[in-house]
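Here is the structure we will look at.
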Amino acid sequence: LRREESRQALRNCIHGHIAHEPEAVSFLYNALSLKGCNSAGPESQFRVRGGTQAMPLAIARALGSNLSLNAPVRTLRVGPAGVRVVTSSGREVHASAAIVTGPPPAVLGISFEPPLAGPQAQLLQRMPMGSSLKFAAVYKQGPWWRRAGLQGDILATSLPPRLSLPAPERGSPMFVQCMDHSPFSQRLGVIVCFLEGRQNLHFASLSDAEKRSAMLDF
């Protein structure tokens, strides 16, 4: 990519996928991620009414008393009889199988018996976590941009210095990606924006007054 605008657009796209800087993850992984995400399939065209939290909330209602909250797993033992899980409170759960999800730091807090294979353990130890923040601008008059024939998406590759990162990243926009997130009822208009990677780390260092001023200025 020869133009800075093109490089910044690609950087924005990678931020949206991994909430990290492009150089923090291999080019092969970025290529694989881009191939599998935003593929114009149903997952890119529809949103869940009630928000994405509607799905786990529905599952929680179906599970009822079988769902345990605030019970982090500390030990997971696998044997001929199945899986035995021990939580931080000492509670034990037996099952035929276990599905382990979560970010690498949380998974590394579990003692596996037998231990994880070397490559898996080393991957978890070396996988950097991204930095991401989402904020929403809410308009009481509803999604007014739709009435103007606009879709409410923003992809910024350049912003004024007051809305850009300081040196040594001078010139990189602080806010890069926003989208229409209005509810199905359209009673309110909502545009959500994301700050990821270095942008979020810089934003987090600002005072509350500076954050508010930057958001309103943007």
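Chain identifiers are assigned as A, B, and so on, following the order in which chains appear in the structure tokens; residues are numbered from 1 within each chain, and ligands are numbered from 1 in order of appearance.
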
Using only C-alpha atoms, determine which residues lie at most 6 Å from region 187-204 of chain A, disregarding the query and same-chain residues fewer than 4 positions distant; provide the list as a PDB file with N, CA, C and O atoms, in the first residue's frame.
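So the final result, stored in part_7.pdb, reads:
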```
ATOM      1  N   HIS A  15      -7.706  -3.098  13.513  1.00  0.00           N
ATOM      2  CA  HIS A  15      -8.146  -2.710  14.855  1.00  0.00           C
ATOM      3  C   HIS A  15      -9.516  -3.303  15.153  1.00  0.00           C
ATOM      4  O   HIS A  15      -9.765  -3.818  16.246  1.00  0.00           O
ATOM      5  N   ALA A  19      -8.495  -5.555  17.874  1.00  0.00           N
ATOM      6  CA  ALA A  19      -8.303  -4.521  18.900  1.00  0.00           C
ATOM      7  C   ALA A  19      -6.835  -4.353  19.267  1.00  0.00           C
ATOM      8  O   ALA A  19      -6.492  -4.088  20.413  1.00  0.00           O
ATOM      9  N   HIS A  20      -5.962  -4.519  18.272  1.00  0.00           N
ATOM     10  CA  HIS A  20      -4.527  -4.414  18.503  1.00  0.00           C
ATOM     11  C   HIS A  20      -3.868  -3.826  17.266  1.00  0.00           C
ATOM     12  O   HIS A  20      -4.492  -3.678  16.219  1.00  0.00           O
ATOM     13  N   GLU A  21      -2.599  -3.498  17.420  1.00  0.00           N
ATOM     14  CA  GLU A  21      -1.869  -2.944  16.293  1.00  0.00           C
ATOM     15  C   GLU A  21      -1.520  -4.033  15.282  1.00  0.00           C
ATOM     16  O   GLU A  21      -1.285  -5.192  15.669  1.00  0.00           O
ATOM     17  N   SER A 131      -6.682  -3.897  23.249  1.00  0.00           N
ATOM     18  CA  SER A 131      -7.216  -2.853  24.121  1.00  0.00           C
ATOM     19  C   SER A 131      -8.354  -2.186  23.366  1.00  0.00           C
ATOM     20  O   SER A 131      -8.148  -1.639  22.281  1.00  0.00           O
ATOM     21  N   SER A 132      -9.560  -2.242  23.923  1.00  0.00           N
ATOM     22  CA  SER A 132     -10.716  -1.762  23.181  1.00  0.00           C
ATOM     23  C   SER A 132     -11.698  -1.039  24.092  1.00  0.00           C
ATOM     24  O   SER A 132     -11.865  -1.403  25.256  1.00  0.00           O
ATOM     25  N   LEU A 133     -12.324   0.007  23.550  1.00  0.00           N
ATOM     26  CA  LEU A 133     -13.339   0.759  24.274  1.00  0.00           C
ATOM     27  C   LEU A 133     -14.428   1.154  23.283  1.00  0.00           C
ATOM     28  O   LEU A 133     -14.138   1.504  22.139  1.00  0.00           O
ATOM     29  N   LYS A 134     -15.670   1.089  23.723  1.00  0.00           N
ATOM     30  CA  LYS A 134     -16.798   1.481  22.877  1.00  0.00           C
ATOM     31  C   LYS A 134     -17.622   2.525  23.610  1.00  0.00           C
ATOM     32  O   LYS A 134     -17.920   2.377  24.792  1.00  0.00           O
ATOM     33  N   PHE A 135     -17.960   3.607  22.921  1.00  0.00           N
ATOM     34  CA  PHE A 135     -18.859   4.593  23.507  1.00  0.00           C
ATOM     35  C   PHE A 135     -19.964   4.904  22.510  1.00  0.00           C
ATOM     36  O   PHE A 135     -19.831   4.667  21.308  1.00  0.00           O
ATOM     37  N   ALA A 136     -21.072   5.387  23.021  1.00  0.00           N
ATOM     38  CA  ALA A 136     -22.248   5.609  22.185  1.00  0.00           C
ATOM     39  C   ALA A 136     -22.723   7.054  22.281  1.00  0.00           C
ATOM     40  O   ALA A 136     -22.760   7.641  23.369  1.00  0.00           O
ATOM     41  N   ALA A 137     -23.075   7.617  21.125  1.00  0.00           N
ATOM     42  CA  ALA A 137     -23.736   8.926  21.055  1.00  0.00           C
ATOM     43  C   ALA A 137     -25.223   8.660  20.847  1.00  0.00           C
ATOM     44  O   ALA A 137     -25.607   8.018  19.861  1.00  0.00           O
ATOM     45  N   VAL A 138     -26.060   9.122  21.775  1.00  0.00           N
ATOM     46  CA  VAL A 138     -27.490   8.835  21.744  1.00  0.00           C
ATOM     47  C   VAL A 138     -28.255  10.108  21.400  1.00  0.00           C
ATOM     48  O   VAL A 138     -28.055  11.155  22.024  1.00  0.00           O
ATOM     49  N   TYR A 139     -29.125   9.999  20.400  1.00  0.00           N
ATOM     50  CA  TYR A 139     -29.914  11.141  19.930  1.00  0.00           C
ATOM     51  C   TYR A 139     -31.393  10.885  20.213  1.00  0.00           C
ATOM     52  O   TYR A 139     -31.971   9.910  19.729  1.00  0.00           O
ATOM     53  N   LYS A 140     -32.010  11.786  20.996  1.00  0.00           N
ATOM     54  CA  LYS A 140     -33.411  11.616  21.375  1.00  0.00           C
ATOM     55  C   LYS A 140     -34.340  11.714  20.169  1.00  0.00           C
ATOM     56  O   LYS A 140     -35.450  11.178  20.204  1.00  0.00           O
ATOM     57  N   GLY A 142     -34.075  10.308  17.420  1.00  0.00           N
ATOM     58  CA  GLY A 142     -34.014   9.120  16.580  1.00  0.00           C
ATOM     59  C   GLY A 142     -32.866   9.174  15.592  1.00  0.00           C
ATOM     60  O   GLY A 142     -32.072  10.127  15.597  1.00  0.00           O
ATOM     61  N   PRO A 143     -32.734   8.169  14.724  1.00  0.00           N
ATOM     62  CA  PRO A 143     -31.622   8.130  13.755  1.00  0.00           C
ATOM     63  C   PRO A 143     -31.843   9.127  12.614  1.00  0.00           C
ATOM     64  O   PRO A 143     -32.232   8.768  11.508  1.00  0.00           O
ATOM     65  N   MET A 174      -7.492   9.631  16.403  1.00  0.00           N
ATOM     66  CA  MET A 174      -7.863   8.997  17.661  1.00  0.00           C
ATOM     67  C   MET A 174      -9.141   8.167  17.496  1.00  0.00           C
ATOM     68  O   MET A 174      -9.250   7.065  18.017  1.00  0.00           O
ATOM     69  N   GLN A 177     -13.544   4.509  13.780  1.00  0.00           N
ATOM     70  CA  GLN A 177     -14.652   3.712  13.266  1.00  0.00           C
ATOM     71  C   GLN A 177     -15.901   3.882  14.114  1.00  0.00           C
ATOM     72  O   GLN A 177     -15.878   3.714  15.327  1.00  0.00           O
ATOM     73  N   CYS A 178     -17.014   4.252  13.455  1.00  0.00           N
ATOM     74  CA  CYS A 178     -18.300   4.372  14.119  1.00  0.00           C
ATOM     75  C   CYS A 178     -19.370   3.747  13.224  1.00  0.00           C
ATOM     76  O   CYS A 178     -19.183   3.619  12.011  1.00  0.00           O
ATOM     77  N   MET A 179     -20.495   3.364  13.827  1.00  0.00           N
ATOM     78  CA  MET A 179     -21.565   2.746  13.044  1.00  0.00           C
ATOM     79  C   MET A 179     -22.917   2.960  13.711  1.00  0.00           C
ATOM     80  O   MET A 179     -23.007   3.226  14.915  1.00  0.00           O
ATOM     81  N   ASP A 180     -23.956   2.859  12.893  1.00  0.00           N
ATOM     82  CA  ASP A 180     -25.332   2.983  13.375  1.00  0.00           C
ATOM     83  C   ASP A 180     -25.668   1.785  14.270  1.00  0.00           C
ATOM     84  O   ASP A 180     -25.549   0.638  13.863  1.00  0.00           O
ATOM     85  N   HIS A 181     -26.079   2.068  15.498  1.00  0.00           N
ATOM     86  CA  HIS A 181     -26.439   1.015  16.441  1.00  0.00           C
ATOM     87  C   HIS A 181     -27.798   1.313  17.061  1.00  0.00           C
ATOM     88  O   HIS A 181     -28.053   0.970  18.219  1.00  0.00           O
ATOM     89  N   SER A 182     -28.664   1.947  16.293  1.00  0.00           N
ATOM     90  CA  SER A 182     -29.981   2.320  16.802  1.00  0.00           C
ATOM     91  C   SER A 182     -30.826   1.082  17.073  1.00  0.00           C
ATOM     92  O   SER A 182     -30.712   0.076  16.365  1.00  0.00           O
TER      93      SER A 182
END
```

Checklist entry - If you run DSSP on the backbone, which residues of region 41-153 of chain A are helix (DSSP H, G or I), as a count of residues only? => result 35

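Nearest residue to Pro115 (chain A) among A:Leu57, A:Ala167, A:Met127, A:Arg77 is A:Arg77, counting only C-alpha atoms.
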
Checklist entry - Using the chain letters and numbers from this document, which residues of region 8-162 of chain A does DSSP assign to strand (DSSP E), as JSON, numbers by chain? => result {"A": [73, 74, 75, 76, 77, 78, 79, 82, 83, 84, 85, 86, 87, 92, 93, 94, 95, 111, 112, 113, 132, 133, 134, 135, 136, 137, 138, 139, 154, 155]}

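Comparing A:Thr52, A:Ser96, A:Asn30, A:Ser111 by their smallest distance to Ile14 (chain A), the closest is A:Asn30 (using only C-alpha atoms).
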
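The environment of region 80-94 of chain A within 10 Å, counting only C-alpha atoms and disregarding residues fewer than 2 places along the same chain, consists of Asn70, Ala71, Pro72, Val73, Arg74, Thr75, Leu76, Arg77, Val78, Ser96, Ala97, Ala98, Ile110, Ser111, Phe112 and Glu113 of chain A.
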
Item to check | Atomic distance CA of Ala9 (chain A) - CA of Thr157 (chain A), expressed in Å with one decimal | outcome: 6.0 Å

Checklist entry - Which of these residues is nearest to Ser6 (chain A), using only C-alpha atoms: A:Ala156, A:Phe218, A:Ser26, A:Ala31? => result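 That would be A:Ala156, the residue with the smallest distance to Ser6 (chain A).
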
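Picture a line from CA of Glu4 (chain A) to CA of Pro173 (chain A); it runs 12.1 Å.
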
Item to check | One-decimal distance in Å that lies between CA of Val107 (chain A) and CA of Ala121 (chain A) | outcome: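 About the pair CA of Ala121 (chain A) and CA of Val107 (chain A): they are 9.6 Å apart.
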